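Visitor: My structure is in coords.pdb, and what it holds is PDB, C-alpha atoms:
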```pdb
ATOM      1  CA  MET A   1     -17.790 -45.928-147.898  1.00  0.00           C
ATOM      2  CA  PRO A   2     -15.964 -45.916-144.537  1.00  0.00           C
ATOM      3  CA  SER A   3     -13.585 -48.783-143.924  1.00  0.00           C
ATOM      4  CA  LEU A   4     -11.554 -50.349-141.179  1.00  0.00           C
ATOM      5  CA  ARG A   5      -9.162 -53.202-140.626  1.00  0.00           C
ATOM      6  CA  ILE A   6      -9.553 -56.023-138.115  1.00  0.00           C
ATOM      7  CA  TYR A   7      -6.315 -57.480-136.724  1.00  0.00           C
ATOM      8  CA  VAL A   8      -6.660 -61.015-135.354  1.00  0.00           C
ATOM      9  CA  GLY A   9      -4.539 -62.754-132.728  1.00  0.00           C
ATOM     10  CA  THR A  10      -5.522 -66.396-132.228  1.00  0.00           C
ATOM     11  CA  MET A  11      -4.300 -69.841-131.289  1.00  0.00           C
ATOM     12  CA  THR A  12      -7.375 -71.989-131.937  1.00  0.00           C
ATOM     13  CA  GLY A  13      -9.238 -69.981-134.571  1.00  0.00           C
ATOM     14  CA  THR A  14     -11.994 -68.650-132.300  1.00  0.00           C
ATOM     15  CA  ALA A  15     -10.838 -65.051-132.711  1.00  0.00           C
ATOM     16  CA  GLU A  16     -10.930 -65.548-136.493  1.00  0.00           C
ATOM     17  CA  MET A  17     -14.569 -66.684-136.277  1.00  0.00           C
ATOM     18  CA  VAL A  18     -15.356 -63.660-134.107  1.00  0.00           C
ATOM     19  CA  ALA A  19     -13.623 -61.318-136.563  1.00  0.00           C
ATOM     20  CA  GLN A  20     -15.576 -62.851-139.447  1.00  0.00           C
ATOM     21  CA  GLU A  21     -18.860 -62.219-137.621  1.00  0.00           C
ATOM     22  CA  ILE A  22     -17.804 -58.628-136.925  1.00  0.00           C
ATOM     23  CA  GLU A  23     -16.850 -58.163-140.574  1.00  0.00           C
ATOM     24  CA  ASP A  24     -20.195 -59.577-141.732  1.00  0.00           C
ATOM     25  CA  ARG A  25     -22.177 -57.335-139.380  1.00  0.00           C
ATOM     26  CA  LEU A  26     -20.235 -54.237-140.376  1.00  0.00           C
ATOM     27  CA  GLY A  27     -20.622 -55.119-144.043  1.00  0.00           C
ATOM     28  CA  GLY A  28     -24.373 -55.174-143.502  1.00  0.00           C
ATOM     29  CA  GLU A  29     -24.047 -51.627-142.157  1.00  0.00           C
ATOM     30  CA  GLY A  30     -22.152 -50.433-145.238  1.00  0.00           C
ATOM     31  CA  ILE A  31     -18.689 -50.553-143.657  1.00  0.00           C
ATOM     32  CA  ALA A  32     -15.938 -52.141-145.743  1.00  0.00           C
ATOM     33  CA  CYS A  33     -13.704 -54.335-143.579  1.00  0.00           C
ATOM     34  CA  GLU A  34     -10.565 -56.281-144.107  1.00  0.00           C
ATOM     35  CA  THR A  35      -9.637 -58.971-141.624  1.00  0.00           C
ATOM     36  CA  GLN A  36      -5.945 -59.742-141.290  1.00  0.00           C
ATOM     37  CA  SER A  37      -4.070 -62.163-139.092  1.00  0.00           C
ATOM     38  CA  MET A  38      -1.400 -60.596-136.886  1.00  0.00           C
ATOM     39  CA  ASP A  39       1.155 -62.984-138.424  1.00  0.00           C
ATOM     40  CA  GLY A  40       3.976 -60.929-139.882  1.00  0.00           C
ATOM     41  CA  LEU A  41       2.694 -57.546-138.693  1.00  0.00           C
ATOM     42  CA  ASP A  42       5.096 -55.059-137.160  1.00  0.00           C
ATOM     43  CA  ALA A  43       5.054 -51.569-135.663  1.00  0.00           C
ATOM     44  CA  THR A  44       4.302 -50.035-139.074  1.00  0.00           C
ATOM     45  CA  ALA A  45       0.873 -51.736-139.251  1.00  0.00           C
ATOM     46  CA  PHE A  46      -1.007 -48.676-137.986  1.00  0.00           C
ATOM     47  CA  THR A  47      -1.704 -45.475-139.925  1.00  0.00           C
ATOM     48  CA  ALA A  48      -2.718 -42.204-138.294  1.00  0.00           C
ATOM     49  CA  GLY A  49      -6.279 -41.223-139.096  1.00  0.00           C
ATOM     50  CA  GLU A  50      -7.373 -44.855-139.421  1.00  0.00           C
ATOM     51  CA  THR A  51      -9.399 -47.083-137.099  1.00  0.00           C
ATOM     52  CA  TYR A  52      -8.659 -50.709-136.288  1.00  0.00           C
ATOM     53  CA  LEU A  53     -10.418 -53.450-134.405  1.00  0.00           C
ATOM     54  CA  ILE A  54      -8.200 -55.720-132.351  1.00  0.00           C
ATOM     55  CA  CYS A  55      -9.706 -59.162-131.910  1.00  0.00           C
ATOM     56  CA  THR A  56      -7.437 -61.366-129.843  1.00  0.00           C
ATOM     57  CA  SER A  57      -7.392 -64.145-127.317  1.00  0.00           C
ATOM     58  CA  THR A  58      -5.186 -64.919-124.349  1.00  0.00           C
ATOM     59  CA  TYR A  59      -2.804 -67.830-124.298  1.00  0.00           C
ATOM     60  CA  GLY A  60      -0.649 -69.548-121.703  1.00  0.00           C
ATOM     61  CA  GLN A  61      -0.005 -67.450-118.616  1.00  0.00           C
ATOM     62  CA  GLY A  62      -1.743 -64.315-119.871  1.00  0.00           C
ATOM     63  CA  ASP A  63       0.254 -63.938-123.064  1.00  0.00           C
ATOM     64  CA  VAL A  64      -0.826 -62.740-126.470  1.00  0.00           C
ATOM     65  CA  PRO A  65      -1.303 -65.618-128.947  1.00  0.00           C
ATOM     66  CA  ASP A  66       1.716 -66.987-130.807  1.00  0.00           C
ATOM     67  CA  ASN A  67       0.713 -65.329-134.071  1.00  0.00           C
ATOM     68  CA  ALA A  68       0.586 -61.939-132.287  1.00  0.00           C
ATOM     69  CA  GLN A  69       3.910 -62.211-130.418  1.00  0.00           C
ATOM     70  CA  GLN A  70       6.090 -60.663-133.147  1.00  0.00           C
ATOM     71  CA  PHE A  71       3.613 -57.810-133.655  1.00  0.00           C
ATOM     72  CA  PHE A  72       3.317 -57.065-129.935  1.00  0.00           C
ATOM     73  CA  THR A  73       7.099 -57.198-129.435  1.00  0.00           C
ATOM     74  CA  SER A  74       7.657 -54.883-132.403  1.00  0.00           C
ATOM     75  CA  LEU A  75       5.236 -52.338-130.929  1.00  0.00           C
ATOM     76  CA  GLU A  76       6.894 -52.610-127.494  1.00  0.00           C
ATOM     77  CA  THR A  77      10.393 -52.257-128.895  1.00  0.00           C
ATOM     78  CA  GLU A  78       9.912 -49.646-131.604  1.00  0.00           C
ATOM     79  CA  ARG A  79       7.287 -47.626-129.680  1.00  0.00           C
ATOM     80  CA  PRO A  80       5.733 -45.851-132.679  1.00  0.00           C
ATOM     81  CA  ASP A  81       3.685 -42.698-132.104  1.00  0.00           C
ATOM     82  CA  LEU A  82       0.105 -43.869-132.588  1.00  0.00           C
ATOM     83  CA  THR A  83      -1.485 -40.476-132.035  1.00  0.00           C
ATOM     84  CA  GLY A  84      -4.381 -40.233-134.470  1.00  0.00           C
ATOM     85  CA  VAL A  85      -5.014 -43.987-134.499  1.00  0.00           C
ATOM     86  CA  GLY A  86      -8.328 -45.240-133.146  1.00  0.00           C
ATOM     87  CA  PHE A  87      -9.081 -48.789-132.082  1.00  0.00           C
ATOM     88  CA  GLY A  88     -11.810 -51.010-130.714  1.00  0.00           C
ATOM     89  CA  LEU A  89     -11.119 -54.196-128.774  1.00  0.00           C
ATOM     90  CA  PHE A  90     -12.820 -57.570-128.579  1.00  0.00           C
ATOM     91  CA  GLY A  91     -10.916 -59.849-126.219  1.00  0.00           C
ATOM     92  CA  LEU A  92     -11.330 -63.548-125.582  1.00  0.00           C
ATOM     93  CA  GLY A  93     -10.476 -65.342-122.380  1.00  0.00           C
ATOM     94  CA  ASP A  94     -11.728 -67.824-119.805  1.00  0.00           C
ATOM     95  CA  ARG A  95     -12.528 -66.780-116.234  1.00  0.00           C
ATOM     96  CA  THR A  96     -11.562 -70.217-114.944  1.00  0.00           C
ATOM     97  CA  TYR A  97      -8.062 -68.761-115.303  1.00  0.00           C
ATOM     98  CA  ARG A  98      -8.818 -65.914-112.878  1.00  0.00           C
ATOM     99  CA  GLU A  99      -5.261 -64.693-112.498  1.00  0.00           C
ATOM    100  CA  THR A 100      -4.782 -64.120-116.222  1.00  0.00           C
ATOM    101  CA  PHE A 101      -8.310 -63.593-117.586  1.00  0.00           C
ATOM    102  CA  CYS A 102      -8.091 -61.706-120.901  1.00  0.00           C
ATOM    103  CA  PHE A 103      -4.540 -60.534-120.216  1.00  0.00           C
ATOM    104  CA  GLY A 104      -3.634 -60.878-123.923  1.00  0.00           C
ATOM    105  CA  PRO A 105      -6.251 -58.338-125.034  1.00  0.00           C
ATOM    106  CA  LYS A 106      -5.632 -56.150-121.973  1.00  0.00           C
ATOM    107  CA  ARG A 107      -1.921 -56.064-122.781  1.00  0.00           C
ATOM    108  CA  PHE A 108      -2.756 -54.825-126.290  1.00  0.00           C
ATOM    109  CA  GLN A 109      -5.120 -52.202-124.892  1.00  0.00           C
ATOM    110  CA  THR A 110      -2.526 -50.926-122.431  1.00  0.00           C
ATOM    111  CA  LEU A 111       0.287 -50.821-124.987  1.00  0.00           C
ATOM    112  CA  LEU A 112      -1.737 -49.143-127.727  1.00  0.00           C
ATOM    113  CA  THR A 113      -3.006 -46.431-125.393  1.00  0.00           C
ATOM    114  CA  GLU A 114       0.528 -45.881-124.029  1.00  0.00           C
ATOM    115  CA  LEU A 115       1.636 -45.320-127.629  1.00  0.00           C
ATOM    116  CA  GLY A 116      -1.049 -42.678-128.131  1.00  0.00           C
ATOM    117  CA  ALA A 117      -3.846 -44.645-129.817  1.00  0.00           C
ATOM    118  CA  ARG A 118      -7.362 -43.836-128.644  1.00  0.00           C
ATOM    119  CA  LEU A 119      -9.758 -46.555-127.510  1.00  0.00           C
ATOM    120  CA  ILE A 120     -13.147 -46.137-129.158  1.00  0.00           C
ATOM    121  CA  GLY A 121     -16.181 -47.478-127.315  1.00  0.00           C
ATOM    122  CA  GLU A 122     -16.111 -50.039-124.556  1.00  0.00           C
ATOM    123  CA  PRO A 123     -13.847 -53.052-124.947  1.00  0.00           C
ATOM    124  CA  VAL A 124     -15.337 -56.517-124.566  1.00  0.00           C
ATOM    125  CA  TYR A 125     -13.677 -59.286-122.588  1.00  0.00           C
ATOM    126  CA  HIS A 126     -15.611 -62.400-123.531  1.00  0.00           C
ATOM    127  CA  ASP A 127     -15.604 -65.257-121.047  1.00  0.00           C
ATOM    128  CA  ALA A 128     -15.500 -68.670-122.729  1.00  0.00           C
ATOM    129  CA  SER A 129     -16.870 -70.287-119.565  1.00  0.00           C
ATOM    130  CA  ALA A 130     -19.963 -68.033-119.483  1.00  0.00           C
ATOM    131  CA  GLY A 131     -21.991 -70.210-121.841  1.00  0.00           C
ATOM    132  CA  THR A 132     -22.333 -67.542-124.535  1.00  0.00           C
ATOM    133  CA  MET A 133     -20.999 -67.842-128.048  1.00  0.00           C
ATOM    134  CA  ALA A 134     -18.232 -65.322-128.667  1.00  0.00           C
ATOM    135  CA  GLU A 135     -19.424 -64.740-132.244  1.00  0.00           C
ATOM    136  CA  GLU A 136     -22.955 -63.871-131.069  1.00  0.00           C
ATOM    137  CA  VAL A 137     -21.655 -61.503-128.401  1.00  0.00           C
ATOM    138  CA  ALA A 138     -19.354 -59.885-130.978  1.00  0.00           C
ATOM    139  CA  GLY A 139     -22.176 -59.443-133.480  1.00  0.00           C
ATOM    140  CA  GLU A 140     -24.265 -57.579-130.919  1.00  0.00           C
ATOM    141  CA  TRP A 141     -21.339 -55.601-129.489  1.00  0.00           C
ATOM    142  CA  VAL A 142     -20.075 -54.292-132.814  1.00  0.00           C
ATOM    143  CA  ILE A 143     -23.371 -52.601-133.667  1.00  0.00           C
ATOM    144  CA  GLY A 144     -23.106 -50.537-130.452  1.00  0.00           C
ATOM    145  CA  TRP A 145     -19.404 -49.987-131.058  1.00  0.00           C
ATOM    146  CA  LEU A 146     -20.266 -48.693-134.524  1.00  0.00           C
ATOM    147  CA  ASP A 147     -22.306 -45.884-132.949  1.00  0.00           C
ATOM    148  CA  SER A 148     -19.251 -44.807-130.922  1.00  0.00           C
ATOM    149  CA  TRP A 149     -17.059 -44.934-134.021  1.00  0.00           C
ATOM    150  CA  ARG A 150     -19.530 -42.971-136.128  1.00  0.00           C
ATOM    151  CA  ALA A 151     -19.773 -40.304-133.423  1.00  0.00           C
ATOM    152  CA  GLU A 152     -16.019 -39.766-133.780  1.00  0.00           C
ATOM    153  CA  GLN A 153     -16.236 -39.538-137.573  1.00  0.00           C
ATOM    154  CA  VAL A 154     -18.258 -36.311-137.526  1.00  0.00           C
ATOM    155  CA  PRO A 155     -15.981 -33.606-138.941  1.00  0.00           C
ATOM    156  CA  PRO A 156     -15.373 -30.681-136.599  1.00  0.00           C
ATOM    157  CA  ARG A 157     -17.378 -27.562-137.309  1.00  0.00           C
ATOM    158  CA  CYS A 158     -15.503 -24.659-138.793  1.00  0.00           C
ATOM    159  CA  ALA A 159     -15.504 -21.586-136.627  1.00  0.00           C
ATOM    160  CA  ALA A 160     -16.921 -18.523-138.288  1.00  0.00           C
ATOM    161  CA  ALA A 161     -14.319 -15.937-139.132  1.00  0.00           C
ATOM    162  CA  LEU A 162     -14.425 -13.076-136.697  1.00  0.00           C
ATOM    163  CA  PRO A 163     -14.454  -9.557-138.093  1.00  0.00           C
ATOM    164  CA  ARG A 164     -11.241  -7.630-137.569  1.00  0.00           C
TER     165      ARG A 164
END
```
Would you mind writing the file's structure down as structure tokens?

Guide:
Amino acid sequence: MPSLRIYVGTMTGTAEMVAQEIEDRLGGEGIACETQSMDGLDATAFTAGETYLICTSTYGQGDVPDNAQQFFTSLETERPDLTGVGFGLFGLGDRTYRETFCFGPKRFQTLLTELGARLIGEPVYHDASAGTMAEEVAGEWVIGWLDSWRAEQVPPRCAAALPR
């Protein structure tokens, strides 16, 4: 059974609820998931050949949440080679803060791609002021994201040996 890990950055717990919905939906599709808070994570948290979902909010003036600060700083400082790592992104923000809308998730996206990780599917930047429930949006999004992920899981075809 394929598996993936969901890393959660949150201040109020909304991202945790979103991650739980994503985990439940993926479980229903036969995907084993493990949700983990970003507390205590560092630059060694990613493994080549694995896929991760980043579910994080924005806090303050466009910062990553407090529980994600150490993780983000470790990635920035140590700059590990994340070639071979895939990730999806569900970001939470509020458009009433136009200048910094979803900057926390966008900062993660930028940093991870700079380090060589590959973004799978389209990221989501949920707007808390839009009147939609983040968990419902996430539940719908992840099913489409799953198609993108599965498309990348197809092993490459072996080329036939050419006669000498």

Visitor: Using all atoms listed in the file, which of A:Phe90, A:Trp149, A:Phe72, A:Tyr7 sits nearest Tyr125 of chain A?

Guide: A:Phe90

Visitor: Using all atoms listed in the file, which of A:Ala19, A:Arg5, A:Thr12, A:Asp94 sits nearest Ile31 of chain A?

Guide: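 Smallest distance to Ile31 of chain A is found for A:Arg5.
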
Visitor: One decimal, Å: what's the distance from atom CA of Ala43 of chain A over to atom CA of Arg79 of chain A, could you say?

Guide: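 Atom-to-atom, atom CA of Ala43 of chain A to atom CA of Arg79 of chain A, that is 7.5 Å.
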
Visitor: Kindly resolve the PyMOL selection byres ((chain A and resi 136) around 12) on the present coordinates and return the residues as number ranges by chain.

Guide: A: 17-22, 24-25, 126, 131-135, 137-143

Visitor: If I take atom CA of Tyr52 of chain A and atom CA of Gly86 of chain A, how far is one from the other in Å, to one decimal?

Guide: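 Interatomic distance here is 6.3 Å.
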
Visitor: Mind giving me the straight-line distance from atom CA of Gly49 of chain A to atom CA of Pro80 of chain A in Å, one decimal?

Guide: 14.4 Å

Visitor: What's the 12 Å shell around segment 82-85 of chain A, counting all atoms listed in the file, without same-chain residues fewer than 3 positions away, as a PyMOL selection string?

Guide: chain A and resi 4-5+43-53+75+78-79+88+111-120+152
